[in-house]
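Below is the file start31.cif, which contains mmCIF, C-alpha atoms and all ligand atoms.
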data_protein
loop_
_atom_site.label_atom_id
_atom_site.label_comp_id
_atom_site.auth_asym_id
_atom_site.auth_seq_id
_atom_site.Cartn_x
_atom_site.Cartn_y
_atom_site.Cartn_z
CA MET A 604 15.07 -15.71 16.66
CA SER A 605 11.44 -16.05 17.79
CA THR A 606 10.25 -19.51 18.79
CA ILE A 607 7.10 -21.25 17.61
CA ASN A 608 7.04 -24.07 20.17
CA GLY A 609 4.41 -23.42 22.86
CA LYS A 610 3.07 -20.25 21.18
CA THR A 611 -0.63 -19.75 20.57
CA ILE A 612 -1.05 -18.84 16.92
CA TRP A 613 -4.32 -17.72 15.31
CA VAL A 614 -4.43 -18.58 11.61
CA THR A 615 -7.28 -17.27 9.44
CA GLY A 616 -8.04 -19.06 6.19
CA ALA A 617 -6.82 -22.30 7.78
CA SER A 618 -9.22 -24.54 5.83
CA SER A 619 -7.29 -24.46 2.54
CA GLY A 620 -4.06 -23.67 0.70
CA ILE A 621 -1.41 -21.56 2.43
CA GLY A 622 -3.34 -21.38 5.73
CA LEU A 623 -3.74 -25.16 5.84
CA ALA A 624 -0.02 -25.68 5.15
CA LEU A 625 0.81 -23.10 7.84
CA ALA A 626 -1.39 -24.95 10.33
CA GLU A 627 0.30 -28.28 9.57
CA GLN A 628 3.83 -26.89 9.91
CA LEU A 629 3.11 -24.75 12.97
CA ALA A 630 1.44 -27.67 14.79
CA ALA A 631 4.41 -29.89 13.92
CA ALA A 632 6.68 -27.22 15.46
CA GLY A 633 4.73 -27.35 18.74
CA ALA A 634 2.32 -24.41 18.40
CA ASN A 635 -1.20 -24.36 19.83
CA LEU A 636 -3.48 -23.15 17.07
CA VAL A 637 -6.68 -21.20 16.74
CA LEU A 638 -8.08 -22.21 13.36
CA SER A 639 -10.45 -19.82 11.57
CA ALA A 640 -12.32 -19.89 8.24
CA ARG A 641 -15.99 -20.35 7.27
CA ASN A 642 -15.87 -24.11 6.66
CA GLN A 643 -16.23 -25.55 10.16
CA ASP A 644 -16.13 -29.21 9.02
CA LYS A 645 -12.77 -28.75 7.30
CA LEU A 646 -11.37 -26.98 10.35
CA LYS A 647 -12.61 -29.72 12.70
CA SER A 648 -11.07 -32.53 10.69
CA LEU A 649 -7.83 -30.55 10.45
CA ALA A 650 -7.72 -29.97 14.23
CA ASP A 651 -8.40 -33.69 14.82
CA ARG A 652 -5.51 -34.89 12.69
CA LEU A 653 -2.88 -32.33 13.79
CA PRO A 654 -0.52 -33.11 16.69
CA GLY A 655 -1.35 -31.13 19.85
CA THR A 656 -4.52 -29.42 21.04
CA HIS A 657 -6.16 -26.80 18.84
CA ILE A 658 -9.23 -24.60 18.89
CA VAL A 659 -11.66 -24.36 15.99
CA PHE A 660 -13.02 -20.81 15.78
CA PRO A 661 -15.24 -20.44 12.67
CA LEU A 662 -15.35 -16.88 11.38
CA ASP A 663 -16.86 -15.24 8.30
CA LEU A 664 -14.58 -12.33 7.44
CA SER A 665 -16.86 -10.90 4.78
CA ARG A 666 -18.62 -9.09 7.67
CA PRO A 667 -15.69 -7.73 9.74
CA GLU A 668 -17.92 -5.97 12.32
CA LYS A 669 -19.69 -9.25 13.16
CA ALA A 670 -16.37 -11.09 13.20
CA MET A 671 -14.98 -8.46 15.60
CA ALA A 672 -17.90 -8.85 18.01
CA LYS A 673 -17.43 -12.64 18.02
CA ALA A 674 -13.64 -12.41 18.40
CA ASP A 675 -13.92 -9.86 21.21
CA HIS A 676 -15.59 -12.43 23.52
CA PHE A 677 -13.20 -15.10 22.41
CA LEU A 678 -10.08 -13.05 23.25
CA GLU A 679 -11.28 -12.65 26.84
CA ASP A 680 -10.56 -16.34 27.42
CA ILE A 681 -7.44 -16.99 25.40
CA GLN A 682 -3.97 -15.46 25.09
CA VAL A 683 -2.88 -15.29 21.44
CA ASP A 684 0.83 -14.66 20.72
CA ILE A 685 0.77 -14.50 16.92
CA LEU A 686 -2.04 -13.57 14.53
CA ILE A 687 -1.69 -14.65 10.90
CA ASN A 688 -4.18 -12.75 8.72
CA ASN A 689 -4.13 -15.18 5.83
CA ALA A 690 -7.77 -15.52 4.70
CA GLY A 691 -8.34 -13.96 1.32
CA ILE A 692 -10.30 -14.05 -1.87
CA SER A 693 -9.07 -13.21 -5.36
CA GLN A 694 -10.63 -11.84 -8.54
CA ARG A 695 -10.63 -12.68 -12.23
CA SER A 696 -12.48 -9.96 -14.15
CA LEU A 697 -11.80 -6.78 -16.12
CA ALA A 698 -12.42 -3.53 -14.22
CA LEU A 699 -15.05 -2.34 -16.71
CA GLU A 700 -16.96 -5.62 -16.39
CA THR A 701 -16.92 -5.83 -12.58
CA ASP A 702 -19.90 -4.85 -10.42
CA PHE A 703 -19.20 -2.22 -7.78
CA GLU A 704 -20.37 -4.63 -5.05
CA VAL A 705 -17.57 -7.05 -5.97
CA TYR A 706 -15.02 -4.33 -5.11
CA ARG A 707 -16.65 -3.94 -1.73
CA ASP A 708 -16.65 -7.72 -1.08
CA LEU A 709 -12.95 -7.93 -1.98
CA MET A 710 -12.15 -5.06 0.40
CA GLU A 711 -14.15 -6.58 3.28
CA VAL A 712 -12.24 -9.87 3.30
CA ASN A 713 -8.81 -8.75 2.09
CA TYR A 714 -8.55 -5.38 3.83
CA PHE A 715 -11.19 -4.53 6.47
CA SER A 716 -11.00 -7.93 8.17
CA VAL A 717 -7.24 -7.49 8.57
CA VAL A 718 -7.74 -4.03 10.09
CA ALA A 719 -10.45 -5.40 12.38
CA LEU A 720 -8.58 -8.42 13.75
CA SER A 721 -5.21 -6.65 14.01
CA LYS A 722 -6.71 -3.68 15.90
CA MET A 723 -8.50 -6.08 18.24
CA LEU A 724 -5.47 -8.17 19.05
CA ALA A 725 -2.77 -5.46 19.22
CA PRO A 726 -3.74 -4.13 22.72
CA HIS A 727 -3.58 -7.71 24.07
CA LEU A 728 -0.13 -8.22 22.53
CA ILE A 729 1.12 -4.94 24.02
CA GLN A 730 -0.24 -5.92 27.43
CA GLN A 731 1.46 -9.34 27.15
CA GLY A 732 4.80 -7.65 26.38
CA GLY A 733 4.94 -8.42 22.66
CA GLY A 734 3.95 -10.71 19.81
CA HIS A 735 3.50 -10.85 16.05
CA ILE A 736 0.90 -9.67 13.58
CA VAL A 737 1.40 -11.29 10.18
CA THR A 738 -0.62 -10.38 7.09
CA VAL A 739 -0.58 -12.24 3.80
CA SER A 740 -0.86 -9.59 1.09
CA SER A 741 0.39 -10.46 -2.42
CA VAL A 742 2.75 -9.46 -5.21
CA ALA A 743 -0.55 -8.04 -6.54
CA GLY A 744 -0.23 -5.60 -3.61
CA LYS A 745 2.98 -4.29 -5.17
CA VAL A 746 2.23 -4.54 -8.90
CA GLY A 747 -1.14 -4.15 -10.63
CA THR A 748 -1.97 -6.58 -13.44
CA LYS A 749 -5.01 -7.30 -15.63
CA HIS A 750 -8.15 -8.89 -14.08
CA ARG A 751 -7.19 -7.98 -10.48
CA SER A 752 -8.30 -4.32 -10.04
CA GLY A 753 -10.31 -4.98 -6.86
CA TYR A 754 -7.97 -7.61 -5.42
CA SER A 755 -4.88 -5.50 -6.11
CA GLY A 756 -6.51 -2.42 -4.58
CA ALA A 757 -7.21 -4.33 -1.36
CA LYS A 758 -3.76 -5.94 -1.26
CA PHE A 759 -2.02 -2.56 -1.85
CA ALA A 760 -4.14 -1.09 0.95
CA VAL A 761 -3.23 -3.81 3.41
CA ILE A 762 0.50 -3.24 2.81
CA GLY A 763 -0.01 0.44 3.69
CA PHE A 764 -1.94 -0.50 6.83
CA MET A 765 0.80 -2.91 7.92
CA ASP A 766 3.55 -0.33 7.28
CA CYS A 767 1.76 2.17 9.55
CA LEU A 768 1.02 -0.43 12.24
CA ARG A 769 4.66 -1.58 12.23
CA ALA A 770 5.86 1.99 12.79
CA GLU A 771 3.31 2.59 15.56
CA LEU A 772 4.09 -0.66 17.40
CA ALA A 773 7.87 -0.62 16.89
CA ASP A 774 8.62 0.40 20.47
CA LYS A 775 6.09 -2.06 21.94
CA ASN A 776 7.78 -5.29 20.87
CA VAL A 777 4.96 -6.16 18.48
CA ARG A 778 6.47 -7.28 15.17
CA CYS A 779 4.46 -6.74 11.99
CA LEU A 780 5.28 -8.99 9.04
CA THR A 781 3.81 -8.48 5.57
CA VAL A 782 3.99 -11.45 3.21
CA CYS A 783 3.77 -10.92 -0.55
CA PRO A 784 3.44 -14.25 -2.35
CA GLY A 785 3.68 -14.52 -6.11
CA PHE A 786 1.88 -17.48 -7.68
CA VAL A 787 1.18 -20.33 -5.25
CA HIS A 788 -0.56 -23.57 -6.22
CA THR A 789 -3.81 -23.43 -4.17
CA GLN A 790 -7.58 -23.08 -4.71
CA ILE A 791 -7.29 -19.27 -4.94
CA ALA A 792 -8.22 -19.03 -8.65
CA HIS A 793 -11.06 -21.56 -8.25
CA ASN A 794 -12.52 -19.45 -5.43
CA ALA A 795 -11.86 -16.09 -7.16
CA LEU A 796 -14.77 -13.72 -7.82
CA THR A 797 -15.77 -12.85 -11.37
CA GLY A 798 -17.42 -9.59 -12.48
CA ASP A 799 -20.89 -10.50 -11.17
CA GLY A 800 -19.58 -11.88 -7.86
CA SER A 801 -19.87 -15.56 -8.82
CA GLN A 802 -16.91 -17.91 -8.34
CA LEU A 803 -14.54 -18.53 -11.26
CA GLY A 804 -14.79 -22.25 -10.45
CA LYS A 805 -11.70 -23.38 -12.31
CA ALA A 806 -7.92 -23.45 -11.95
CA ASP A 807 -5.57 -20.85 -13.41
CA PRO A 808 -2.33 -22.02 -15.10
CA ASP A 809 -0.33 -19.21 -13.43
CA ASN A 810 -1.25 -20.43 -9.93
CA ALA A 811 -0.94 -24.09 -10.92
CA GLY A 812 2.63 -23.36 -12.06
CA GLY A 813 3.53 -21.52 -8.86
CA ILE A 814 5.35 -22.71 -5.76
CA SER A 815 3.62 -25.14 -3.39
CA ALA A 816 1.58 -23.96 -0.42
CA GLU A 817 4.00 -25.94 1.77
CA GLU A 818 7.02 -24.01 0.47
CA CYS A 819 5.18 -20.70 0.93
CA ALA A 820 4.26 -21.65 4.52
CA ARG A 821 7.84 -22.70 5.25
CA GLN A 822 9.14 -19.27 4.17
CA ILE A 823 6.46 -17.44 6.17
CA ILE A 824 7.36 -19.34 9.36
CA GLN A 825 11.06 -18.66 8.79
CA ALA A 826 10.30 -14.94 8.38
CA ILE A 827 8.33 -14.92 11.67
CA GLN A 828 11.22 -16.65 13.46
CA ARG A 829 13.69 -14.11 12.02
CA ASN A 830 11.50 -11.11 12.94
CA LYS A 831 11.33 -9.90 9.31
CA ASP A 832 9.18 -6.92 8.31
CA GLU A 833 8.29 -7.92 4.75
CA ILE A 834 9.02 -10.82 2.40
CA VAL A 835 8.28 -11.65 -1.23
CA VAL A 836 7.74 -15.38 -1.76
CA GLY A 837 7.60 -17.14 -5.12
CA LYS A 838 9.47 -17.89 -8.30
CA GLY A 839 9.86 -16.57 -11.84
CA LEU A 840 8.36 -13.25 -12.96
CA SER A 841 5.95 -13.13 -10.03
CA LYS A 842 8.90 -13.18 -7.61
CA VAL A 843 10.98 -10.50 -9.39
CA ALA A 844 8.05 -8.24 -10.34
CA PRO A 845 8.31 -5.99 -7.21
CA MET A 846 12.01 -5.44 -7.92
CA LEU A 847 11.30 -4.69 -11.62
CA GLN A 848 8.55 -2.28 -10.56
CA ARG A 849 11.06 -0.39 -8.44
CA PHE A 850 13.98 -0.22 -10.86
CA PHE A 851 12.40 -0.66 -14.33
CA PRO A 852 8.77 0.47 -13.97
CA GLY A 853 8.28 1.30 -17.67
CA LEU A 854 9.56 -2.10 -18.81
CA LEU A 855 7.32 -3.93 -16.32
CA ARG A 856 4.22 -1.95 -17.35
CA ARG A 857 4.83 -2.83 -21.01
CA LEU A 858 5.30 -6.51 -20.13
CA ILE A 859 2.07 -6.59 -18.08
CA ALA A 860 0.02 -4.82 -20.76
CA ARG A 861 1.19 -7.33 -23.37
CA ARG A 862 0.38 -10.42 -21.28
N1 LIG B 901 -2.31 -18.67 -4.14
C1 LIG B 901 -1.69 -17.61 -4.60
O1 LIG B 901 -1.15 -17.62 -5.73
C2 LIG B 901 -1.59 -16.36 -3.75
C3 LIG B 901 -0.75 -15.34 -4.20
C4 LIG B 901 -0.65 -14.18 -3.43
C5 LIG B 901 -1.37 -14.05 -2.27
N2 LIG B 901 -2.19 -15.06 -1.86
C6 LIG B 901 -2.96 -14.85 -0.63
O2 LIG B 901 -2.76 -15.97 0.23
C7 LIG B 901 -3.88 -16.07 1.12
C8 LIG B 901 -4.35 -17.51 1.17
O3 LIG B 901 -4.87 -17.87 -0.11
P1 LIG B 901 -4.73 -19.33 -0.74
O4 LIG B 901 -3.92 -19.19 -1.97
O5 LIG B 901 -4.35 -20.30 0.28
O6 LIG B 901 -6.26 -19.54 -1.25
P2 LIG B 901 -7.38 -20.60 -0.89
O7 LIG B 901 -6.86 -21.98 -1.04
O8 LIG B 901 -8.57 -20.19 -1.71
O9 LIG B 901 -7.67 -20.34 0.67
C9 LIG B 901 -8.32 -19.16 1.07
C10 LIG B 901 -8.68 -19.28 2.54
O10 LIG B 901 -9.37 -18.07 2.94
C11 LIG B 901 -10.60 -18.42 3.58
N3 LIG B 901 -11.63 -17.42 3.32
C12 LIG B 901 -12.07 -16.96 2.12
N4 LIG B 901 -13.10 -16.13 2.30
C13 LIG B 901 -13.32 -16.05 3.65
C14 LIG B 901 -14.27 -15.38 4.45
N5 LIG B 901 -15.25 -14.61 3.93
N6 LIG B 901 -14.20 -15.53 5.79
C15 LIG B 901 -13.26 -16.33 6.35
N7 LIG B 901 -12.35 -17.01 5.64
C16 LIG B 901 -12.38 -16.88 4.29
C17 LIG B 901 -10.98 -19.78 2.98
O11 LIG B 901 -11.77 -20.54 3.89
P3 LIG B 901 -13.35 -20.79 3.80
O12 LIG B 901 -13.72 -20.89 2.36
O13 LIG B 901 -13.53 -22.06 4.58
O14 LIG B 901 -13.96 -19.62 4.50
C18 LIG B 901 -9.61 -20.44 2.82
O15 LIG B 901 -9.25 -21.09 4.01
C19 LIG B 901 -4.92 -15.08 0.61
O16 LIG B 901 -4.89 -13.90 1.37
C20 LIG B 901 -4.47 -14.79 -0.81
O17 LIG B 901 -4.89 -13.53 -1.27
C21 LIG B 901 -2.31 -16.21 -2.58
#
Write out the structure in this file as C-alpha cells.
Amino acid sequence: MSTINGKTIWVTGASSGIGLALAEQLAAAGANLVLSARNQDKLKSLADRLPGTHIVFPLDLSRPEKAMAKADHFLEDIQVDILINNAGISQRSLALETDFEVYRDLMEVNYFSVVALSKMLAPHLIQQGGGHIVTVSSVAGKVGTKHRSGYSGAKFAVIGFMDCLRAELADKNVRCLTVCPGFVHTQIAHNALTGDGSQLGKADPDNAGGISAEECARQIIQAIQRNKDEIVVGKGLSKVAPMLQRFFPGLLRRLIARR
C-alpha cells in the first residue's frame, strides 16, 4: 500500500472537475500539492482554502514544448513523488465536420503533454528510488463512439504510451497507473471543442448523469495506494463498455452506431 501523507503530488487540470476533487482529497490526506492548469486565479483560491501548504504552478498544456521548458526549471527546486496527468479537453463533433487543426489541439493537450511531463519527471523518480506516474485517459480510449474521433484517438494513444512506459519502468520502482473514467459529472462537455475549435458551451446529459468527480477521485487515489496498473471508473454502459468491447465487439459496435 503506497501512502499519500507527506508525498508531493503534482496534479494537472486542478482548477476543475476530477482534478479539483483530487486536490481536495489528496490535501485532506496530508499531501503537499503542485497545482497546475491555465486558470491561475482558480488555482490560487484552491490552494488558499486547502489544508497544508501547496504550490500554484500555472501551465498551458496546449503547447507542450513551452510547458516542458517551464517545468524543467521548476523540477530543479522541488522533489515530486507522484505526477497525475489529469488535464484534458474533449470534443463534440462529427469527424467529417471537424477541422484538421482541432485534431492537433486535442492531441497536444490529451497526448503530447502527457508524454512531455511524464518523460521529464521519470528520471527524477528513478533517481529518488521510485514514485508514480498517473494518467487520466478515458473509456473513450478503449471504445470509439460518435462525436469523439479526435478525443478518442488521443485517449487511445495515451493508453499505449502508458503501457510502454509501465513496461520500461517496471524494474525501477516507478508505478504507472492509467485511469479510464466513463461519464463523470464535470465541465468536460461545456469545455469540449466543436468542429471549428470553438467551445460547445453547454452540458451533456451523459456526463450530467455520470458519477461525481468526488467518487472518481476517491477511486483514483485508492488505485494509487494499491499500486494498480489500470482502472475503469464509472457506472452503467460507460463502465461495462471496455468489457463488452473485449468479449462482444460486434454487439457493442451495433449499440454505439444506433445511439
Ligand atoms: N468528465 C468525464 O466524463 C470524463 C470521462 C473520461 C475522462 N475524463 C478525463 O478526465 C480529465 C479531467 O476532466 P474533467 O472531466 O475534470 O473536465 P473539466 O472539468 O473540463 O476539467 C479539465 C481540466 O483540464 C484543464 N485544462 C484544459 N485544457 C488545458 C490546457 N490547455 N492546459 C492546462 N490545463 C488544461 C482545465 O483547466 P484550465 O481551463 O484552467 O486550464 C481543467 O482544470 C480529462 O483528461 C478528461 O479527458 C473525463
Taking all atoms listed in the file into account, which of A:Thr738, A:Leu840, A:Arg769, A:Asn608 comes nearest Arg862 in chain A?
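Using all atoms listed in the file, the shortest distance to Arg862 in chain A belongs to A:Leu840.
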Output as JSON lines one row per residue of chain A within 6 Å of ligand LIG 901 (chain B): the closest atom pair and its distance in Å to one decimal place, counting only C-alpha atoms and all ligand atoms, sorted by chain and residue number ascending.
{"residue": "A:Gly616", "atom": "CA", "partner": "B:LIG901", "partner_atom": "O15", "distance": 3.2}
{"residue": "A:Ala617", "atom": "CA", "partner": "B:LIG901", "partner_atom": "O15", "distance": 4.6}
{"residue": "A:Ser618", "atom": "CA", "partner": "B:LIG901", "partner_atom": "O15", "distance": 3.9}
{"residue": "A:Ser619", "atom": "CA", "partner": "B:LIG901", "partner_atom": "O15", "distance": 4.2}
{"residue": "A:Gly620", "atom": "CA", "partner": "B:LIG901", "partner_atom": "O5", "distance": 3.4}
{"residue": "A:Ile621", "atom": "CA", "partner": "B:LIG901", "partner_atom": "O5", "distance": 3.9}
{"residue": "A:Gly622", "atom": "CA", "partner": "B:LIG901", "partner_atom": "O5", "distance": 5.6}
{"residue": "A:Ala640", "atom": "CA", "partner": "B:LIG901", "partner_atom": "N7", "distance": 3.9}
{"residue": "A:Arg641", "atom": "CA", "partner": "B:LIG901", "partner_atom": "O14", "distance": 3.5}
{"residue": "A:Asn642", "atom": "CA", "partner": "B:LIG901", "partner_atom": "O13", "distance": 3.7}
{"residue": "A:Leu662", "atom": "CA", "partner": "B:LIG901", "partner_atom": "C15", "distance": 5.5}
{"residue": "A:Asp663", "atom": "CA", "partner": "B:LIG901", "partner_atom": "N6", "distance": 3.7}
{"residue": "A:Leu664", "atom": "CA", "partner": "B:LIG901", "partner_atom": "N6", "distance": 3.6}
{"residue": "A:Ser665", "atom": "CA", "partner": "B:LIG901", "partner_atom": "N5", "distance": 4.1}
{"residue": "A:Asn689", "atom": "CA", "partner": "B:LIG901", "partner_atom": "O16", "distance": 4.7}
{"residue": "A:Ala690", "atom": "CA", "partner": "B:LIG901", "partner_atom": "O10", "distance": 3.5}
{"residue": "A:Gly691", "atom": "CA", "partner": "B:LIG901", "partner_atom": "O16", "distance": 3.5}
{"residue": "A:Ile692", "atom": "CA", "partner": "B:LIG901", "partner_atom": "C12", "distance": 5.2}
{"residue": "A:Ser693", "atom": "CA", "partner": "B:LIG901", "partner_atom": "O17", "distance": 5.9}
{"residue": "A:Val712", "atom": "CA", "partner": "B:LIG901", "partner_atom": "N5", "distance": 5.7}
{"residue": "A:Val739", "atom": "CA", "partner": "B:LIG901", "partner_atom": "O16", "distance": 5.2}
{"residue": "A:Ser740", "atom": "CA", "partner": "B:LIG901", "partner_atom": "C5", "distance": 5.6}
{"residue": "A:Ser741", "atom": "CA", "partner": "B:LIG901", "partner_atom": "C4", "distance": 4.0}
{"residue": "A:Pro784", "atom": "CA", "partner": "B:LIG901", "partner_atom": "C4", "distance": 4.2}
{"residue": "A:Gly785", "atom": "CA", "partner": "B:LIG901", "partner_atom": "C3", "distance": 4.9}
{"residue": "A:Phe786", "atom": "CA", "partner": "B:LIG901", "partner_atom": "O1", "distance": 3.6}
{"residue": "A:Val787", "atom": "CA", "partner": "B:LIG901", "partner_atom": "O1", "distance": 3.6}
{"residue": "A:His788", "atom": "CA", "partner": "B:LIG901", "partner_atom": "N1", "distance": 5.6}
{"residue": "A:Thr789", "atom": "CA", "partner": "B:LIG901", "partner_atom": "O7", "distance": 4.6}
{"residue": "A:Gln790", "atom": "CA", "partner": "B:LIG901", "partner_atom": "O7", "distance": 3.9}
{"residue": "A:Ile791", "atom": "CA", "partner": "B:LIG901", "partner_atom": "O8", "distance": 3.6}
{"residue": "A:Asn794", "atom": "CA", "partner": "B:LIG901", "partner_atom": "O8", "distance": 5.5}
{"residue": "A:Asn810", "atom": "CA", "partner": "B:LIG901", "partner_atom": "O1", "distance": 5.1}
For Arg856 in chain A, which residue out of A:Gly609, A:Pro726, A:Gly747, A:Gly655 is the nearest one, using all atoms listed in the file?
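Answer, going by the shortest atom-to-atom distance: A:Gly747.
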Using all atoms listed in the file, the residue out of A:Cys767, A:Val836, A:Leu653, A:Ala760 with shortest distance to Leu709 in chain A is A:Ala760
Given 3 Å on each side, where is the centre and what are the edge lengths in Å to one decimal of the axis-aligned box enclosing the listed atoms of range 617-633 of chain A, as JSON?
{"center_x": -1.3, "center_y": -25.6, "center_z": 9.7, "size_x": 21.9, "size_y": 14.5, "size_z": 24.0}
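Of the listed residues (A:Val683, A:Ser605, A:Lys749, A:His676), A:Val683 comes nearest to Leu638 in chain A; the distances count only C-alpha atoms.
Straight-line separation from CA of Ile827 in chain A to CA of Lys610 in chain A: 12.1 Å.
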Between CA of Ile687 in chain A and CA of Met765 in chain A, what is the spacing in Å?
12.4 Å
Would you mind reading off the distance between CA of Arg821 in chain A and CA of Leu629 in chain A, one decimal, in Å?
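Taking CA of Arg821 in chain A as the start and CA of Leu629 in chain A as the end point, the length is 9.3 Å.
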Hey, which of A:Ile736, A:Ile612, A:Ala634, A:Val746 ends up closest to Gln682 in chain A? Count all atoms listed in the file.
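Looking only at the distances to Gln682 in chain A, the closest residue turns out to be A:Ile612.
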Give me, as an mmCIF file with C-alpha atoms, keeping the file's coordinate frame, all polymer residues having an atom no more than 8 Å from Met671 in chain A, counting all atoms listed in the file and skipping those fewer than 2 positions away in the same chain.
data_model
loop_
_atom_site.group_PDB
_atom_site.id
_atom_site.type_symbol
_atom_site.label_atom_id
_atom_site.label_comp_id
_atom_site.auth_asym_id
_atom_site.auth_seq_id
_atom_site.Cartn_x
_atom_site.Cartn_y
_atom_site.Cartn_z
ATOM 1 C CA PRO A 667 -15.690 -7.730 9.740
ATOM 2 C CA GLU A 668 -17.920 -5.970 12.320
ATOM 3 C CA LYS A 669 -19.690 -9.250 13.160
ATOM 4 C CA LYS A 673 -17.430 -12.640 18.020
ATOM 5 C CA ALA A 674 -13.640 -12.410 18.400
ATOM 6 C CA ASP A 675 -13.920 -9.860 21.210
ATOM 7 C CA ALA A 719 -10.450 -5.400 12.380
ATOM 8 C CA LEU A 720 -8.580 -8.420 13.750
ATOM 9 C CA MET A 723 -8.500 -6.080 18.240
#
Identify which of the residues A:Arg695, A:His657, A:Arg861, A:His793 lies closest to Ser755 in chain A, counting all atoms listed in the file when measuring atom-to-atom distances.
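Under the stated criterion, the closest residue is A:Arg695.
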For the point (-8.0, -5.6, -11.6) in the file's frame, write as a list in words all residues with an atom no more than 9 Å away, counting all atoms listed in the file.
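Output: Gln694, Arg695, Ser696, Leu697, Ala698, Thr701, Gly747, Thr748, Lys749, His750, Arg751, Ser752, Gly753, Tyr754, Ser755 and Gly756 of chain A.
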Counting all atoms listed in the file, find the residues whose atoms lie at most 8 Å from (-14.5, -20.7, -11.6) (file coordinates) and write them out as a PDB file with C-alpha atoms, keeping the file's coordinate frame.
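Produced file part_3.pdb, reproduced below:
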ATOM      1  CA  ALA A 792      -8.220 -19.030  -8.650  1.00  0.00           C
ATOM      2  CA  HIS A 793     -11.060 -21.560  -8.250  1.00  0.00           C
ATOM      3  CA  ASN A 794     -12.520 -19.450  -5.430  1.00  0.00           C
ATOM      4  CA  ALA A 795     -11.860 -16.090  -7.160  1.00  0.00           C
ATOM      5  CA  LEU A 796     -14.770 -13.720  -7.820  1.00  0.00           C
ATOM      6  CA  THR A 797     -15.770 -12.850 -11.370  1.00  0.00           C
ATOM      7  CA  SER A 801     -19.870 -15.560  -8.820  1.00  0.00           C
ATOM      8  CA  GLN A 802     -16.910 -17.910  -8.340  1.00  0.00           C
ATOM      9  CA  LEU A 803     -14.540 -18.530 -11.260  1.00  0.00           C
ATOM     10  CA  GLY A 804     -14.790 -22.250 -10.450  1.00  0.00           C
ATOM     11  CA  LYS A 805     -11.700 -23.380 -12.310  1.00  0.00           C
ATOM     12  CA  ALA A 806      -7.920 -23.450 -11.950  1.00  0.00           C
TER      13      ALA A 806
END
Can you tell me which residues surround Phe764 in chain A at a distance of at most 12 Å, considering all atoms listed in the file, apart from same-chain residues fewer than 4 positions away, and format the answer as a PyMOL selection string?
chain A and resi 713-719+721-722+736-738+740+744+757-760+768-771+779-781
